[in-house]
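Undergrad: Pasting coords-v3.txt below, which is compact mmCIF, N, CA and C atoms.
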# COMPACT_ATOMS: atom_id res chain seq x y z
N VAL W 1478 -11.20 87.61 80.36
CA VAL W 1478 -9.84 87.15 80.55
C VAL W 1478 -9.43 86.16 79.48
N GLU W 1479 -10.40 85.62 78.76
CA GLU W 1479 -10.07 84.66 77.71
C GLU W 1479 -11.13 84.70 76.62
N GLU W 1480 -10.66 84.70 75.39
CA GLU W 1480 -11.55 84.65 74.23
C GLU W 1480 -11.04 83.57 73.29
N ALA W 1481 -11.96 82.73 72.81
CA ALA W 1481 -11.56 81.65 71.92
C ALA W 1481 -12.78 81.06 71.25
N PRO W 1482 -12.58 80.37 70.12
CA PRO W 1482 -13.68 79.60 69.56
C PRO W 1482 -14.13 78.57 70.61
N VAL W 1483 -15.38 78.24 70.62
CA VAL W 1483 -15.96 77.37 71.65
C VAL W 1483 -15.18 76.07 71.83
N ASP W 1484 -14.91 75.36 70.75
CA ASP W 1484 -14.19 74.09 70.86
C ASP W 1484 -12.82 74.27 71.50
N SER W 1485 -12.11 75.29 71.09
CA SER W 1485 -10.77 75.56 71.62
C SER W 1485 -10.84 75.90 73.10
N LEU W 1486 -11.82 76.69 73.48
CA LEU W 1486 -11.96 77.09 74.88
C LEU W 1486 -12.22 75.89 75.78
N PHE W 1487 -13.11 75.00 75.36
CA PHE W 1487 -13.44 73.83 76.18
C PHE W 1487 -12.34 72.77 76.16
N GLU W 1488 -11.63 72.64 75.04
CA GLU W 1488 -10.58 71.63 74.93
C GLU W 1488 -9.26 72.07 75.57
N ASN W 1489 -8.99 73.38 75.54
CA ASN W 1489 -7.71 73.88 76.02
C ASN W 1489 -7.86 75.24 76.68
N PRO W 1490 -8.53 75.33 77.82
CA PRO W 1490 -8.63 76.62 78.50
C PRO W 1490 -7.25 77.06 78.94
N ARG W 1491 -6.93 78.34 78.72
CA ARG W 1491 -5.57 78.83 79.00
C ARG W 1491 -5.50 79.70 80.25
N HIS W 1492 -6.63 80.12 80.78
CA HIS W 1492 -6.63 80.99 81.96
C HIS W 1492 -7.11 80.21 83.18
N PRO W 1493 -6.46 80.39 84.34
CA PRO W 1493 -6.88 79.67 85.55
C PRO W 1493 -8.35 79.92 85.93
N TYR W 1494 -8.87 81.11 85.65
CA TYR W 1494 -10.27 81.38 85.98
C TYR W 1494 -11.19 80.54 85.08
N THR W 1495 -10.87 80.47 83.80
CA THR W 1495 -11.67 79.66 82.88
C THR W 1495 -11.63 78.20 83.31
N ARG W 1496 -10.46 77.71 83.69
CA ARG W 1496 -10.33 76.33 84.17
C ARG W 1496 -11.18 76.11 85.41
N GLY W 1497 -11.18 77.07 86.32
CA GLY W 1497 -12.01 76.97 87.53
C GLY W 1497 -13.49 76.93 87.22
N LEU W 1498 -13.92 77.76 86.28
CA LEU W 1498 -15.33 77.77 85.89
C LEU W 1498 -15.74 76.44 85.27
N LEU W 1499 -14.89 75.92 84.39
CA LEU W 1499 -15.22 74.66 83.74
C LEU W 1499 -15.22 73.50 84.73
N ALA W 1500 -14.38 73.56 85.74
CA ALA W 1500 -14.35 72.51 86.77
C ALA W 1500 -15.58 72.56 87.66
N SER W 1501 -16.27 73.69 87.67
CA SER W 1501 -17.44 73.82 88.54
C SER W 1501 -18.76 73.49 87.83
N VAL W 1502 -18.69 73.05 86.59
CA VAL W 1502 -19.90 72.68 85.86
C VAL W 1502 -20.43 71.35 86.39
N PRO W 1503 -21.69 71.32 86.83
CA PRO W 1503 -22.23 70.06 87.34
C PRO W 1503 -22.39 69.03 86.22
N ARG W 1504 -22.25 67.80 86.59
CA ARG W 1504 -22.42 66.71 85.63
C ARG W 1504 -23.48 65.75 86.17
N LEU W 1505 -24.34 65.31 85.32
CA LEU W 1505 -25.43 64.43 85.74
C LEU W 1505 -24.91 63.19 86.45
N GLY W 1506 -25.55 62.84 87.55
CA GLY W 1506 -25.25 61.63 88.25
C GLY W 1506 -24.10 61.70 89.24
N GLU W 1507 -23.34 62.79 89.28
CA GLU W 1507 -22.19 62.84 90.18
C GLU W 1507 -22.57 62.81 91.65
N ALA W 1508 -23.52 63.63 92.05
CA ALA W 1508 -23.87 63.72 93.47
C ALA W 1508 -24.44 62.40 94.00
N GLU W 1509 -25.21 61.72 93.21
CA GLU W 1509 -25.83 60.49 93.69
C GLU W 1509 -24.88 59.30 93.73
N HIS W 1510 -23.70 59.43 93.15
CA HIS W 1510 -22.74 58.34 93.14
C HIS W 1510 -21.57 58.58 94.09
N GLY W 1511 -21.73 59.50 95.02
CA GLY W 1511 -20.71 59.74 96.02
C GLY W 1511 -19.51 60.54 95.55
N ILE W 1512 -19.60 61.16 94.39
CA ILE W 1512 -18.51 61.99 93.91
C ILE W 1512 -18.56 63.31 94.67
N PRO W 1513 -17.40 63.85 95.07
CA PRO W 1513 -17.36 65.08 95.86
C PRO W 1513 -18.11 66.24 95.21
N ARG W 1514 -18.32 67.24 96.04
CA ARG W 1514 -18.99 68.47 95.58
C ARG W 1514 -18.26 69.09 94.41
N LEU W 1515 -18.92 70.03 93.78
CA LEU W 1515 -18.31 70.75 92.67
C LEU W 1515 -17.05 71.47 93.14
N ALA W 1516 -16.10 71.63 92.25
CA ALA W 1516 -14.91 72.40 92.56
C ALA W 1516 -15.30 73.86 92.77
N GLU W 1517 -14.65 74.49 93.72
CA GLU W 1517 -14.90 75.90 94.00
C GLU W 1517 -13.65 76.70 93.73
N ILE W 1518 -13.83 77.95 93.35
CA ILE W 1518 -12.71 78.86 93.21
C ILE W 1518 -12.59 79.56 94.56
N PRO W 1519 -11.50 79.34 95.29
CA PRO W 1519 -11.39 79.92 96.62
C PRO W 1519 -11.26 81.44 96.59
N GLY W 1520 -11.50 82.05 97.73
CA GLY W 1520 -11.31 83.49 97.88
C GLY W 1520 -12.57 84.28 97.63
N VAL W 1521 -12.39 85.59 97.56
CA VAL W 1521 -13.49 86.54 97.40
C VAL W 1521 -13.34 87.27 96.08
N VAL W 1522 -14.43 87.46 95.39
CA VAL W 1522 -14.42 88.18 94.11
C VAL W 1522 -13.95 89.61 94.36
N ALA W 1523 -13.10 90.12 93.45
CA ALA W 1523 -12.53 91.47 93.59
C ALA W 1523 -13.62 92.55 93.56
N TRP W 1524 -13.39 93.61 94.33
CA TRP W 1524 -14.26 94.78 94.35
C TRP W 1524 -13.93 95.59 93.11
N LEU W 1525 -14.89 95.75 92.19
CA LEU W 1525 -14.61 96.34 90.89
C LEU W 1525 -15.09 97.79 90.75
N ARG W 1526 -15.34 98.46 91.84
CA ARG W 1526 -15.76 99.86 91.75
C ARG W 1526 -14.61 100.78 91.38
N GLU W 1527 -13.40 100.33 91.63
CA GLU W 1527 -12.23 101.12 91.28
C GLU W 1527 -11.34 100.28 90.37
N GLU W 1528 -10.58 100.97 89.54
CA GLU W 1528 -9.68 100.26 88.63
C GLU W 1528 -8.63 99.49 89.44
N ILE W 1529 -8.37 98.27 89.01
CA ILE W 1529 -7.37 97.44 89.67
C ILE W 1529 -6.20 97.31 88.70
N PRO W 1530 -5.01 97.81 89.07
CA PRO W 1530 -3.87 97.84 88.13
C PRO W 1530 -3.09 96.53 88.04
N VAL W 1531 -3.59 95.48 88.66
CA VAL W 1531 -2.92 94.18 88.64
C VAL W 1531 -3.93 93.13 88.15
N CYS W 1532 -3.52 91.89 88.05
CA CYS W 1532 -4.45 90.84 87.65
C CYS W 1532 -5.54 90.71 88.71
N VAL W 1533 -6.77 90.88 88.33
CA VAL W 1533 -7.90 90.83 89.25
C VAL W 1533 -8.04 89.45 89.89
N PHE W 1534 -7.63 88.42 89.18
CA PHE W 1534 -7.79 87.05 89.66
C PHE W 1534 -6.61 86.60 90.54
N ALA W 1535 -5.53 87.34 90.58
CA ALA W 1535 -4.31 86.93 91.30
C ALA W 1535 -4.55 86.48 92.74
N PRO W 1536 -5.36 87.17 93.54
CA PRO W 1536 -5.54 86.72 94.93
C PRO W 1536 -6.21 85.35 95.05
N ARG W 1537 -6.89 84.92 94.01
CA ARG W 1537 -7.61 83.65 94.03
C ARG W 1537 -6.96 82.58 93.17
N CYS W 1538 -5.86 82.92 92.52
CA CYS W 1538 -5.24 82.04 91.53
C CYS W 1538 -4.13 81.18 92.14
N PRO W 1539 -4.19 79.87 91.93
CA PRO W 1539 -3.14 79.00 92.45
C PRO W 1539 -1.82 79.12 91.68
N HIS W 1540 -1.82 79.81 90.55
CA HIS W 1540 -0.62 79.94 89.73
C HIS W 1540 -0.04 81.35 89.74
N ALA W 1541 -0.61 82.24 90.56
CA ALA W 1541 -0.19 83.64 90.58
C ALA W 1541 1.27 83.79 91.02
N THR W 1542 1.95 84.72 90.38
CA THR W 1542 3.34 85.03 90.70
C THR W 1542 3.40 86.49 91.17
N ASP W 1543 4.58 86.93 91.54
CA ASP W 1543 4.76 88.32 91.94
C ASP W 1543 4.38 89.27 90.81
N ARG W 1544 4.66 88.87 89.58
CA ARG W 1544 4.32 89.71 88.43
C ARG W 1544 2.80 89.90 88.33
N CYS W 1545 2.04 88.84 88.60
CA CYS W 1545 0.58 88.92 88.56
C CYS W 1545 0.04 89.94 89.57
N ARG W 1546 0.73 90.03 90.69
CA ARG W 1546 0.32 90.93 91.77
C ARG W 1546 0.84 92.35 91.57
N ALA W 1547 1.65 92.54 90.51
CA ALA W 1547 2.25 93.85 90.27
C ALA W 1547 1.81 94.50 88.96
N GLU W 1548 1.43 93.70 87.96
CA GLU W 1548 1.09 94.23 86.64
C GLU W 1548 -0.18 93.58 86.10
N TYR W 1549 -0.96 94.36 85.36
CA TYR W 1549 -2.16 93.82 84.73
C TYR W 1549 -1.76 93.15 83.41
N PRO W 1550 -2.10 91.90 83.20
CA PRO W 1550 -1.72 91.22 81.96
C PRO W 1550 -2.59 91.66 80.79
N PRO W 1551 -1.97 91.95 79.64
CA PRO W 1551 -2.74 92.32 78.46
C PRO W 1551 -3.37 91.08 77.82
N LEU W 1552 -4.42 91.28 77.06
CA LEU W 1552 -5.03 90.20 76.30
C LEU W 1552 -4.11 89.91 75.11
N GLU W 1553 -3.53 88.71 75.08
CA GLU W 1553 -2.57 88.35 74.03
C GLU W 1553 -3.10 87.23 73.17
N ASP W 1554 -2.83 87.35 71.87
CA ASP W 1554 -3.21 86.32 70.91
C ASP W 1554 -2.29 85.12 71.07
N LYS W 1555 -2.86 83.95 71.28
CA LYS W 1555 -2.08 82.72 71.43
C LYS W 1555 -2.23 81.83 70.20
N GLY W 1556 -2.85 82.34 69.15
CA GLY W 1556 -3.02 81.60 67.91
C GLY W 1556 -4.37 80.96 67.77
N GLY W 1557 -4.83 80.82 66.56
CA GLY W 1557 -6.10 80.17 66.28
C GLY W 1557 -7.31 80.89 66.84
N GLY W 1558 -7.19 82.21 67.01
CA GLY W 1558 -8.31 82.97 67.55
C GLY W 1558 -8.43 82.86 69.05
N HIS W 1559 -7.44 82.31 69.71
CA HIS W 1559 -7.45 82.11 71.16
C HIS W 1559 -6.60 83.20 71.81
N SER W 1560 -7.24 84.05 72.61
CA SER W 1560 -6.55 85.13 73.31
C SER W 1560 -6.78 84.98 74.80
N VAL W 1561 -5.75 85.34 75.57
CA VAL W 1561 -5.86 85.20 77.03
C VAL W 1561 -5.06 86.31 77.70
N ALA W 1562 -5.60 86.80 78.83
CA ALA W 1562 -4.92 87.82 79.63
C ALA W 1562 -4.39 87.15 80.89
N CYS W 1563 -3.22 86.55 80.76
CA CYS W 1563 -2.61 85.84 81.89
C CYS W 1563 -1.11 85.74 81.66
N TRP W 1564 -0.32 86.20 82.64
CA TRP W 1564 1.13 86.11 82.53
C TRP W 1564 1.60 84.66 82.48
N GLU W 1565 0.86 83.75 83.04
CA GLU W 1565 1.28 82.36 83.14
C GLU W 1565 0.62 81.43 82.12
N ALA W 1566 -0.10 81.96 81.16
CA ALA W 1566 -0.85 81.14 80.21
C ALA W 1566 0.02 80.15 79.44
N ASP W 1567 1.21 80.54 79.09
CA ASP W 1567 2.08 79.64 78.33
C ASP W 1567 2.64 78.51 79.20
N ARG W 1568 2.68 78.73 80.49
CA ARG W 1568 3.20 77.72 81.42
C ARG W 1568 2.14 76.71 81.83
N LEU W 1569 0.87 77.09 81.76
CA LEU W 1569 -0.20 76.22 82.24
C LEU W 1569 -0.56 75.13 81.24
Mind turning this structure into structure tokens?
TA:
Amino acid sequence: VEEAPVDSLFENPRHPYTRGLLASVPRLGEAEHGIPRLAEIPGVVAWLREEIPVCVFAPRCPHATDRCRAEYPPLEDKGGGHSVACWEADRL
């Protein structure tokens, strides 16, 4: 859903799924200092045995719109080698 040079991906993730994954990375010392559990991406992973003609992440995405639930977003170049398949990438 997202392709980018490493620095660009970590500094400016453009897809909600990428943001969710990065938020779930454990950090040393968090659990022992009373910081809440890791962030979770809510919902259930899509069943991928059949082609899904819409955004696969839409049911789990807090930014999903009607368009996300109706059309599959193409992988679009956002500049600097950063590409993302998300209708809402420019808004996030």
Undergrad: Could you please give me, as a list in words, the residues of protein, DNA or RNA lying at most 9 Å from (-6.3, 82.6, 85.5) in the coordinate frame of the file, considering only C-alpha atoms?
TA: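 Checked against the point, the hits come out as Val1478, Glu1479, Arg1491, His1492, Pro1493, Tyr1494, Thr1495, Arg1496, Gly1497, Cys1532, Phe1534, Ala1535, Arg1537, Cys1538, Pro1539, His1540, Ala1541, Val1561, Ala1562, Cys1563, Trp1564, Glu1565 and Ala1566 of chain W.
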Undergrad: From a DSSP pass on the backbone, collect the residues of chain W flagged as alpha helix (DSSP H) and hand them back as number ranges by chain.
TA: W: 1483-1488, 1493-1500
Undergrad: Would you work out the distance separating CA of Val1531 (chain W) from CA of Ala1516 (chain W), expressed in Å to one decimal?
TA: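 According to the coordinates, CA of Val1531 (chain W) and CA of Ala1516 (chain W) are separated by 25.2 Å.
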Undergrad: Can you measure atom C of Cys1545 (chain W) to atom N of Ala1523 (chain W) for me? One decimal in Å is fine.
TA: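 Answer for the atom C of Cys1545 (chain W) to atom N of Ala1523 (chain W) separation: 13.7 Å.
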Undergrad: Work out how far apart CA of Pro1530 (chain W) and CA of Ala1547 (chain W) are and give it in Å to one decimal.
TA: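 Between these atoms lies a distance of 7.6 Å.
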Undergrad: Taking all atoms listed in the file into account, which of W:Leu1569, W:Val1533, W:Leu1515, W:Val1522 comes nearest Pro1490 (chain W)?
TA: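 The shortest atom-to-atom distance to Pro1490 (chain W) comes from W:Leu1569.
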Undergrad: Among region 1483-1568 of chain W, which residues carry a DSSP assignment of strand (DSSP E), reported as a PyMOL selection string?
TA: chain W and resi 1553-1554+1560-1561
Undergrad: Can you pull out the residues contacting Pro1536 (chain W)? Cut-off 9 Å, using only C-alpha atoms, and skip same-chain residues under 6 positions away; I want them as a list in words.
TA: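 Once the nearby chain positions are removed, what remains is Gly1520, Val1521, Ala1523 and Arg1546 of chain W.
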Undergrad: Is it possible to add N, CA, C and O atoms to region 1487-1504 of chain W and hand it back as a PDB file, in the frame of the given file?
TA:
ATOM      1  N   PHE W1487     -13.110  75.000  75.360  1.00  0.00           N
ATOM      2  CA  PHE W1487     -13.440  73.830  76.180  1.00  0.00           C
ATOM      3  C   PHE W1487     -12.340  72.770  76.160  1.00  0.00           C
ATOM      4  O   PHE W1487     -12.130  72.085  77.147  1.00  0.00           O
ATOM      5  N   GLU W1488     -11.630  72.640  75.040  1.00  0.00           N
ATOM      6  CA  GLU W1488     -10.580  71.630  74.930  1.00  0.00           C
ATOM      7  C   GLU W1488      -9.260  72.070  75.570  1.00  0.00           C
ATOM      8  O   GLU W1488      -8.504  71.260  76.067  1.00  0.00           O
ATOM      9  N   ASN W1489      -8.990  73.380  75.540  1.00  0.00           N
ATOM     10  CA  ASN W1489      -7.710  73.880  76.020  1.00  0.00           C
ATOM     11  C   ASN W1489      -7.860  75.240  76.680  1.00  0.00           C
ATOM     12  O   ASN W1489      -7.362  76.240  76.158  1.00  0.00           O
ATOM     13  N   PRO W1490      -8.530  75.330  77.820  1.00  0.00           N
ATOM     14  CA  PRO W1490      -8.630  76.620  78.500  1.00  0.00           C
ATOM     15  C   PRO W1490      -7.250  77.060  78.940  1.00  0.00           C
ATOM     16  O   PRO W1490      -6.476  76.266  79.475  1.00  0.00           O
ATOM     17  N   ARG W1491      -6.930  78.340  78.720  1.00  0.00           N
ATOM     18  CA  ARG W1491      -5.570  78.830  79.000  1.00  0.00           C
ATOM     19  C   ARG W1491      -5.500  79.700  80.250  1.00  0.00           C
ATOM     20  O   ARG W1491      -4.410  80.032  80.696  1.00  0.00           O
ATOM     21  N   HIS W1492      -6.630  80.120  80.780  1.00  0.00           N
ATOM     22  CA  HIS W1492      -6.630  80.990  81.960  1.00  0.00           C
ATOM     23  C   HIS W1492      -7.110  80.210  83.180  1.00  0.00           C
ATOM     24  O   HIS W1492      -8.063  79.437  83.092  1.00  0.00           O
ATOM     25  N   PRO W1493      -6.460  80.390  84.340  1.00  0.00           N
ATOM     26  CA  PRO W1493      -6.880  79.670  85.550  1.00  0.00           C
ATOM     27  C   PRO W1493      -8.350  79.920  85.930  1.00  0.00           C
ATOM     28  O   PRO W1493      -9.016  79.021  86.441  1.00  0.00           O
ATOM     29  N   TYR W1494      -8.870  81.110  85.650  1.00  0.00           N
ATOM     30  CA  TYR W1494     -10.270  81.380  85.980  1.00  0.00           C
ATOM     31  C   TYR W1494     -11.190  80.540  85.080  1.00  0.00           C
ATOM     32  O   TYR W1494     -12.153  79.943  85.551  1.00  0.00           O
ATOM     33  N   THR W1495     -10.870  80.470  83.800  1.00  0.00           N
ATOM     34  CA  THR W1495     -11.670  79.660  82.880  1.00  0.00           C
ATOM     35  C   THR W1495     -11.630  78.200  83.310  1.00  0.00           C
ATOM     36  O   THR W1495     -12.662  77.518  83.331  1.00  0.00           O
ATOM     37  N   ARG W1496     -10.460  77.710  83.690  1.00  0.00           N
ATOM     38  CA  ARG W1496     -10.330  76.330  84.170  1.00  0.00           C
ATOM     39  C   ARG W1496     -11.180  76.110  85.410  1.00  0.00           C
ATOM     40  O   ARG W1496     -11.825  75.071  85.548  1.00  0.00           O
ATOM     41  N   GLY W1497     -11.180  77.070  86.320  1.00  0.00           N
ATOM     42  CA  GLY W1497     -12.010  76.970  87.530  1.00  0.00           C
ATOM     43  C   GLY W1497     -13.490  76.930  87.220  1.00  0.00           C
ATOM     44  O   GLY W1497     -14.243  76.152  87.801  1.00  0.00           O
ATOM     45  N   LEU W1498     -13.920  77.760  86.280  1.00  0.00           N
ATOM     46  CA  LEU W1498     -15.330  77.770  85.890  1.00  0.00           C
ATOM     47  C   LEU W1498     -15.740  76.440  85.270  1.00  0.00           C
ATOM     48  O   LEU W1498     -16.783  75.888  85.602  1.00  0.00           O
ATOM     49  N   LEU W1499     -14.890  75.920  84.390  1.00  0.00           N
ATOM     50  CA  LEU W1499     -15.220  74.660  83.740  1.00  0.00           C
ATOM     51  C   LEU W1499     -15.220  73.500  84.730  1.00  0.00           C
ATOM     52  O   LEU W1499     -16.007  72.559  84.596  1.00  0.00           O
ATOM     53  N   ALA W1500     -14.380  73.560  85.740  1.00  0.00           N
ATOM     54  CA  ALA W1500     -14.350  72.510  86.770  1.00  0.00           C
ATOM     55  C   ALA W1500     -15.580  72.560  87.660  1.00  0.00           C
ATOM     56  O   ALA W1500     -15.911  71.570  88.321  1.00  0.00           O
ATOM     57  N   SER W1501     -16.270  73.690  87.670  1.00  0.00           N
ATOM     58  CA  SER W1501     -17.440  73.820  88.540  1.00  0.00           C
ATOM     59  C   SER W1501     -18.760  73.490  87.830  1.00  0.00           C
ATOM     60  O   SER W1501     -19.822  73.623  88.431  1.00  0.00           O
ATOM     61  N   VAL W1502     -18.690  73.050  86.590  1.00  0.00           N
ATOM     62  CA  VAL W1502     -19.900  72.680  85.860  1.00  0.00           C
ATOM     63  C   VAL W1502     -20.430  71.350  86.390  1.00  0.00           C
ATOM     64  O   VAL W1502     -19.703  70.362  86.427  1.00  0.00           O
ATOM     65  N   PRO W1503     -21.690  71.320  86.830  1.00  0.00           N
ATOM     66  CA  PRO W1503     -22.230  70.060  87.340  1.00  0.00           C
ATOM     67  C   PRO W1503     -22.390  69.030  86.220  1.00  0.00           C
ATOM     68  O   PRO W1503     -22.614  69.378  85.065  1.00  0.00           O
ATOM     69  N   ARG W1504     -22.250  67.800  86.590  1.00  0.00           N
ATOM     70  CA  ARG W1504     -22.420  66.710  85.630  1.00  0.00           C
ATOM     71  C   ARG W1504     -23.480  65.750  86.170  1.00  0.00           C
ATOM     72  O   ARG W1504     -23.483  65.439  87.363  1.00  0.00           O
TER      73      ARG W1504
END
